[in-house]
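**Student:** Provided below: work-v7.pdb, containing PDB, C-alpha atoms.
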```
ATOM      1  CA  MET K   1     -17.139   5.260 -18.875
ATOM      2  CA  LYS K   2     -17.345   1.606 -17.829
ATOM      3  CA  ARG K   3     -18.697   2.633 -14.434
ATOM      4  CA  ARG K   4     -21.509   4.675 -16.016
ATOM      5  CA  LEU K   5     -22.362   1.756 -18.271
ATOM      6  CA  LEU K   6     -22.506  -0.607 -15.283
ATOM      7  CA  ILE K   7     -24.745   1.792 -13.346
ATOM      8  CA  ALA K   8     -27.054   2.256 -16.344
ATOM      9  CA  SER K   9     -27.317  -1.497 -16.914
ATOM     10  CA  GLY K  10     -28.031  -2.024 -13.207
ATOM     11  CA  ILE K  11     -30.853   0.524 -13.273
ATOM     12  CA  ALA K  12     -32.255  -1.070 -16.439
ATOM     13  CA  GLY K  13     -32.171  -4.474 -14.728
ATOM     14  CA  VAL K  14     -34.078  -3.165 -11.702
ATOM     15  CA  LEU K  15     -36.708  -1.585 -13.961
ATOM     16  CA  LEU K  16     -37.092  -4.862 -15.855
ATOM     17  CA  VAL K  17     -37.712  -6.745 -12.599
ATOM     18  CA  VAL K  18     -40.237  -4.120 -11.456
ATOM     19  CA  VAL K  19     -42.135  -4.351 -14.753
ATOM     20  CA  ALA K  20     -42.092  -8.170 -14.584
ATOM     21  CA  ILE K  21     -43.585  -8.091 -11.075
ATOM     22  CA  ALA K  22     -46.290  -5.658 -12.151
ATOM     23  CA  VAL K  23     -47.199  -7.817 -15.169
ATOM     24  CA  ALA K  24     -47.271 -11.010 -13.077
ATOM     25  CA  SER K  25     -49.791  -9.470 -10.653
ATOM     26  CA  PRO K  26     -52.547  -8.059 -12.875
ATOM     27  CA  ASN K  27     -54.902  -7.116 -10.019
ATOM     28  CA  ILE K  28     -52.158  -5.147  -8.291
ATOM     29  CA  THR K  29     -51.340  -1.797  -9.853
ATOM     30  CA  ALA K  30     -48.078  -1.520  -8.010
ATOM     31  CA  CYS K  31     -47.268   2.136  -8.428
ATOM     32  CA  LYS K  32     -49.414   4.239 -10.658
ATOM     33  CA  GLY K  33     -47.569   7.187 -12.172
ATOM     34  CA  VAL K  34     -44.171   6.211 -10.789
ATOM     35  CA  PHE K  35     -42.350   6.562 -14.089
ATOM     36  CA  SER K  36     -42.656  10.348 -14.358
ATOM     37  CA  ARG K  37     -39.444  12.376 -14.099
ATOM     38  CA  THR K  38     -40.369  13.924 -10.756
ATOM     39  CA  SER K  39     -41.589  10.815  -8.967
ATOM     40  CA  PHE K  40     -39.011   8.270 -10.160
ATOM     41  CA  VAL K  41     -36.879   9.005  -7.084
ATOM     42  CA  PHE K  42     -39.725   7.781  -4.865
ATOM     43  CA  ALA K  43     -40.403   4.570  -6.819
ATOM     44  CA  PRO K  44     -38.735   2.240  -4.267
ATOM     45  CA  ALA K  45     -41.011   3.517  -1.479
ATOM     46  CA  CYS K  46     -44.056   3.059  -3.671
ATOM     47  CA  TYR K  47     -43.162  -0.504  -4.665
ATOM     48  CA  GLN K  48     -42.331  -1.427  -1.074
ATOM     49  CA  ALA K  49     -45.687  -0.049   0.109
ATOM     50  CA  ALA K  50     -47.489  -1.916  -2.681
ATOM     51  CA  GLY K  51     -45.837  -5.183  -1.643
ATOM     52  CA  ALA K  52     -46.748  -4.585   1.996
ATOM     53  CA  ALA K  53     -50.374  -3.780   1.126
ATOM     54  CA  ARG K  54     -50.674  -6.844  -1.094
ATOM     55  CA  ALA K  55     -49.276  -9.169   1.602
ATOM     56  CA  TYR K  56     -51.312  -7.473   4.341
ATOM     57  CA  TYR K  57     -54.636  -7.921   2.538
ATOM     58  CA  ARG K  58     -53.777 -11.437   1.331
ATOM     59  CA  HIS K  59     -53.127 -12.550   4.924
ATOM     60  CA  LEU K  60     -56.195 -10.700   6.260
ATOM     61  CA  ALA K  61     -58.486 -12.401   3.738
ATOM     62  CA  ALA K  62     -56.954 -15.793   4.591
ATOM     63  CA  GLY K  63     -57.447 -15.233   8.331
ATOM     64  CA  ALA K  64     -53.674 -15.391   8.898
ATOM     65  CA  PHE K  65     -53.631 -12.468  11.315
ATOM     66  CA  VAL K  66     -50.196 -13.187  12.795
ATOM     67  CA  ASP K  67     -48.730 -12.971   9.283
ATOM     68  CA  ALA K  68     -50.759  -9.845   8.429
ATOM     69  CA  ALA K  69     -49.475  -8.183  11.618
ATOM     70  CA  ARG K  70     -45.945  -8.068  10.136
ATOM     71  CA  TYR K  71     -47.160  -5.502   7.593
ATOM     72  CA  VAL K  72     -48.810  -3.118  10.076
ATOM     73  CA  ALA K  73     -47.198   0.103  11.337
ATOM     74  CA  TYR K  74     -48.252   0.449  14.986
ATOM     75  CA  TYR K  75     -48.706   3.678  16.887
ATOM     76  CA  GLU K  76     -50.273   4.507  20.260
ATOM     77  CA  THR K  77     -51.169   8.180  20.425
ATOM     78  CA  PHE K  78     -49.926  10.018  17.366
ATOM     79  CA  SER K  79     -48.593   8.389  14.227
ATOM     80  CA  ASP K  80     -45.434  10.519  14.251
ATOM     81  CA  VAL K  81     -44.442   9.471  17.795
ATOM     82  CA  ALA K  82     -42.730   6.125  18.349
ATOM     83  CA  PRO K  83     -44.736   3.725  20.545
ATOM     84  CA  THR K  84     -43.537   3.145  24.107
ATOM     85  CA  THR K  85     -45.026  -0.360  24.262
ATOM     86  CA  PRO K  86     -42.806  -3.237  23.064
ATOM     87  CA  PRO K  87     -43.517  -4.243  19.429
ATOM     88  CA  ALA K  88     -44.379  -7.842  20.381
ATOM     89  CA  GLN K  89     -47.110  -6.606  22.731
ATOM     90  CA  LEU K  90     -48.498  -4.268  20.051
ATOM     91  CA  ARG K  91     -48.628  -7.118  17.510
ATOM     92  CA  GLN K  92     -50.300  -9.424  20.045
ATOM     93  CA  GLN K  93     -52.918  -6.789  20.862
ATOM     94  CA  TRP K  94     -53.610  -6.211  17.161
ATOM     95  CA  VAL K  95     -54.018  -9.945  16.460
ATOM     96  CA  GLN K  96     -56.399 -10.308  19.433
ATOM     97  CA  ARG K  97     -58.460  -7.330  18.281
ATOM     98  CA  VAL K  98     -58.804  -8.557  14.676
ATOM     99  CA  SER K  99     -59.535 -12.135  15.837
ATOM    100  CA  ALA K 100     -62.233 -10.902  18.228
ATOM    101  CA  LEU K 101     -63.934  -8.930  15.459
ATOM    102  CA  GLN K 102     -63.840 -11.970  13.173
ATOM    103  CA  ALA K 103     -65.428 -14.061  15.942
ATOM    104  CA  GLN K 104     -68.243 -11.481  15.994
ATOM    105  CA  GLY K 105     -68.746 -12.004  12.252
ATOM    106  CA  THR K 106     -66.888  -9.046  10.715
ATOM    107  CA  TYR K 107     -63.824  -9.594   8.551
ATOM    108  CA  VAL K 108     -62.206  -9.077   5.137
ATOM    109  CA  ALA K 109     -63.518 -11.972   3.042
ATOM    110  CA  GLN K 110     -61.800 -11.361  -0.292
ATOM    111  CA  ILE K 111     -59.369  -8.967  -1.946
ATOM    112  CA  HIS K 112     -60.128  -7.853  -5.499
ATOM    113  CA  SER K 113     -57.494  -5.220  -6.194
ATOM    114  CA  VAL K 114     -54.881  -2.986  -4.612
ATOM    115  CA  GLU K 115     -53.572   0.174  -6.237
ATOM    116  CA  VAL K 116     -50.741   2.225  -4.752
ATOM    117  CA  MET K 117     -49.644   5.606  -6.047
ATOM    118  CA  LEU K 118     -47.521   8.523  -4.912
ATOM    119  CA  GLU K 119     -49.068  11.632  -3.433
ATOM    120  CA  ASP K 120     -46.571  14.401  -2.655
ATOM    121  CA  GLY K 121     -43.804  11.793  -2.556
ATOM    122  CA  TYR K 122     -45.613   9.469  -0.132
ATOM    123  CA  PRO K 123     -47.294   6.195  -1.065
ATOM    124  CA  VAL K 124     -51.074   6.028  -0.650
ATOM    125  CA  GLY K 125     -53.390   3.294  -1.799
ATOM    126  CA  VAL K 126     -56.863   2.092  -2.581
ATOM    127  CA  ALA K 127     -58.050  -1.487  -2.093
ATOM    128  CA  THR K 128     -61.267  -3.041  -3.331
ATOM    129  CA  VAL K 129     -62.290  -5.785  -0.912
ATOM    130  CA  THR K 130     -65.322  -7.852  -0.009
ATOM    131  CA  ILE K 131     -66.338  -7.418   3.619
ATOM    132  CA  HIS K 132     -68.314 -10.003   5.560
ATOM    133  CA  GLN K 133     -70.361  -8.513   8.365
ATOM    134  CA  GLN K 134     -72.900 -10.499  10.381
ATOM    135  CA  GLY K 135     -73.950 -12.822   7.566
ATOM    136  CA  GLN K 136     -73.886 -10.299   4.724
ATOM    137  CA  GLU K 137     -71.159  -9.517   2.216
ATOM    138  CA  TRP K 138     -70.537  -6.440   0.123
ATOM    139  CA  THR K 139     -67.661  -4.985  -1.827
ATOM    140  CA  ILE K 140     -66.158  -1.660  -0.764
ATOM    141  CA  THR K 141     -63.152   0.500  -1.525
ATOM    142  CA  GLN K 142     -60.796   1.260   1.355
ATOM    143  CA  HIS K 143     -58.186   4.020   1.337
ATOM    144  CA  ILE K 144     -54.789   2.856   2.609
ATOM    145  CA  HIS K 145     -52.359   5.056   4.533
ATOM    146  CA  PHE K 146     -48.741   3.986   4.983
ATOM    147  CA  MET K 147     -45.992   4.784   7.466
ATOM    148  CA  ASP K 148     -42.251   4.184   7.096
ATOM    149  CA  VAL K 149     -41.323   2.050  10.100
ATOM    150  CA  GLU K 150     -38.544  -0.384   9.211
ATOM    151  CA  GLY K 151     -39.924  -0.189   5.672
ATOM    152  CA  TRP K 152     -43.299   1.013   4.417
ATOM    153  CA  LYS K 153     -46.213  -0.656   6.213
ATOM    154  CA  VAL K 154     -49.976  -0.201   6.420
ATOM    155  CA  GLN K 155     -50.781   2.401   9.056
ATOM    156  CA  ALA K 156     -54.523   2.803   8.590
ATOM    157  CA  VAL K 157     -57.413   1.936   6.300
ATOM    158  CA  VAL K 158     -60.532   4.040   5.952
ATOM    159  CA  SER K 159     -63.779   2.939   4.316
ATOM    160  CA  PRO K 160     -66.216   5.260   2.540
ATOM    161  CA  GLY K 161     -68.175   7.351   5.006
ATOM    162  CA  GLY K 162     -65.476   7.291   7.683
ATOM    163  CA  GLU K 163     -63.801   4.815   9.965
ATOM    164  CA  THR K 164     -65.754   1.654  10.792
ATOM    165  CA  ALA K 165     -65.159  -0.950  13.500
ATOM    166  CA  LEU K 166     -63.339  -3.067  10.922
ATOM    167  CA  ASP K 167     -61.170  -0.136   9.831
ATOM    168  CA  TYR K 168     -60.166   0.517  13.437
ATOM    169  CA  ALA K 169     -59.465  -3.162  14.108
ATOM    170  CA  VAL K 170     -57.198  -3.682  11.098
ATOM    171  CA  SER K 171     -55.364  -0.347  11.384
ATOM    172  CA  GLY K 172     -52.185   0.167  13.371
ATOM    173  CA  HIS K 173     -53.569   2.444  16.105
ATOM    174  CA  ILE K 174     -53.284   0.589  19.410
ATOM    175  CA  ASP K 175     -54.858   2.075  22.523
ATOM    176  CA  LEU K 176     -54.071  -0.415  25.264
ATOM    177  CA  HIS K 177     -56.758   1.084  27.509
ATOM    178  CA  LEU K 178     -59.584   0.938  24.944
ATOM    179  CA  ASP K 179     -58.583  -2.397  23.415
ATOM    180  CA  GLN K 180     -58.754  -4.344  26.668
TER     181      GLN K 180
END
```
So that I can check it, write out the structure of this file as structure tokens.

**Tutor:**
Amino acid sequence: MKRRLLIASGIAGVLLVVVAIAVASPNITACKGVFSRTSFVFAPACYQAAGAARAYYRHLAAGAFVDAARYVAYYETFSDVAPTTPPAQLRQQWVQRVSALQAQGTYVAQIHSVEVMLEDGYPVGVATVTIHQQGQEWTITQHIHFMDVEGWKVQAVVSPGGETALDYAVSGHIDLHLDQ
């Protein structure tokens, strides 16, 4: 009986912390719909993905690309095949690619909101961001795809109308031949 009580109080404590984090970050809807009976099992993945997306976009908007790179899931050919290139080289290539695009005048200028939810047990997200491109700024909604690689990380972002140069640059797909 004592063991059940300890487990129940531990679960209640975790839920209290999760709710406190969600309340403290009003522009981040951490995990929409996570408290249903069927999706509660997947809540940790959703909250981990939400934290990764929040940190990823915060660092992107600040121009801290080396820090943002920690929250990217890299892949070379197919997202379900582990990369053959060393992780440090993949991160370096990603940082160079995003920095080069910023030097050309295209970058994430500001983050307005991030919402992560579960879809068939997997976290997916939507971010509203302001994009700066060649002297003009506009606000768009990007769809966020995640991959579980040493924790949930941002795999790809897609803007309305399909993938843009910015979407490709900030996503985790690394083609060492094309990116040179």

**Student:** Tell me which protein, DNA and RNA residues are within 7 Å of range 132-147 of chain K, counting only C-alpha atoms, leaving out same-chain ones fewer than 6 positions away, and put them as a PDB file with C-alpha atoms, keeping the file's coordinate frame.

**Tutor:**
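Below is the file that was written, selection_9.pdb:
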```pdb
ATOM      1  CA  ALA K  73     -47.198   0.103  11.337  1.00  0.00           C
ATOM      2  CA  GLY K 105     -68.746 -12.004  12.252  1.00  0.00           C
ATOM      3  CA  THR K 106     -66.888  -9.046  10.715  1.00  0.00           C
ATOM      4  CA  TYR K 107     -63.824  -9.594   8.551  1.00  0.00           C
ATOM      5  CA  VAL K 108     -62.206  -9.077   5.137  1.00  0.00           C
ATOM      6  CA  ALA K 109     -63.518 -11.972   3.042  1.00  0.00           C
ATOM      7  CA  PRO K 123     -47.294   6.195  -1.065  1.00  0.00           C
ATOM      8  CA  VAL K 124     -51.074   6.028  -0.650  1.00  0.00           C
ATOM      9  CA  GLY K 125     -53.390   3.294  -1.799  1.00  0.00           C
ATOM     10  CA  VAL K 126     -56.863   2.092  -2.581  1.00  0.00           C
ATOM     11  CA  LYS K 153     -46.213  -0.656   6.213  1.00  0.00           C
ATOM     12  CA  VAL K 154     -49.976  -0.201   6.420  1.00  0.00           C
ATOM     13  CA  GLN K 155     -50.781   2.401   9.056  1.00  0.00           C
ATOM     14  CA  ALA K 156     -54.523   2.803   8.590  1.00  0.00           C
ATOM     15  CA  VAL K 157     -57.413   1.936   6.300  1.00  0.00           C
ATOM     16  CA  VAL K 158     -60.532   4.040   5.952  1.00  0.00           C
ATOM     17  CA  SER K 159     -63.779   2.939   4.316  1.00  0.00           C
ATOM     18  CA  PRO K 160     -66.216   5.260   2.540  1.00  0.00           C
TER      19      PRO K 160
END
```

**Student:** Calculate how many Å separate CA of Gln96 in chain K from CA of Asp175 in chain K, rounding to one decimal.

**Tutor:**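 Computing it gives 12.9 Å between the two atoms.
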
**Student:** Excluding Pro83 in chain K and residues on its chain fewer than 5 positions from it, collect all residues at most 12 Å away from it, counting all atoms listed in the file, and give them as number ranges by chain.

**Tutor:** K: 73-78, 88-91, 149, 172-176

**Student:** Applying the PyMOL selection byres ((chain K and resi 112) around 7) to the file I just gave you, which residues come out? Please list them as an MDAnalysis selection string.

**Tutor:** chainID K and resid 27 110:111 113 128:129

**Student:** Rounded to one decimal place, report the CA of Asp67 in chain K-CA of Val116 in chain K distance in Å.

**Tutor:**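 Answer for the CA of Asp67 in chain K to CA of Val116 in chain K separation: 20.8 Å.
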
**Student:** In Å, how far is it from CA of Ala69 in chain K to CA of Gln93 in chain K?

**Tutor:**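 Between CA of Ala69 in chain K and CA of Gln93 in chain K the gap is 10.0 Å.
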
**Student:** Can you list, as JSON, numbers by chain, the residues that the PyMOL selection byres ((chain K and resi 53-55) around 8) selects here?

**Tutor:** {"K": [28, 49, 50, 51, 52, 56, 57, 58, 59, 68, 71, 114, 153, 154]}

**Student:** Provide an axis-aligned box for all listed atoms of range 129-137 of chain K, padding each side by 6 Å; report its centre and its edge lengths in Å to one decimal, as AutoDock Vina command-line options.

**Tutor:**
```
--center_x -68.1 --center_y -9.3 --center_z 4.7 --size_x 23.7 --size_y 19.0 --size_z 23.3
```
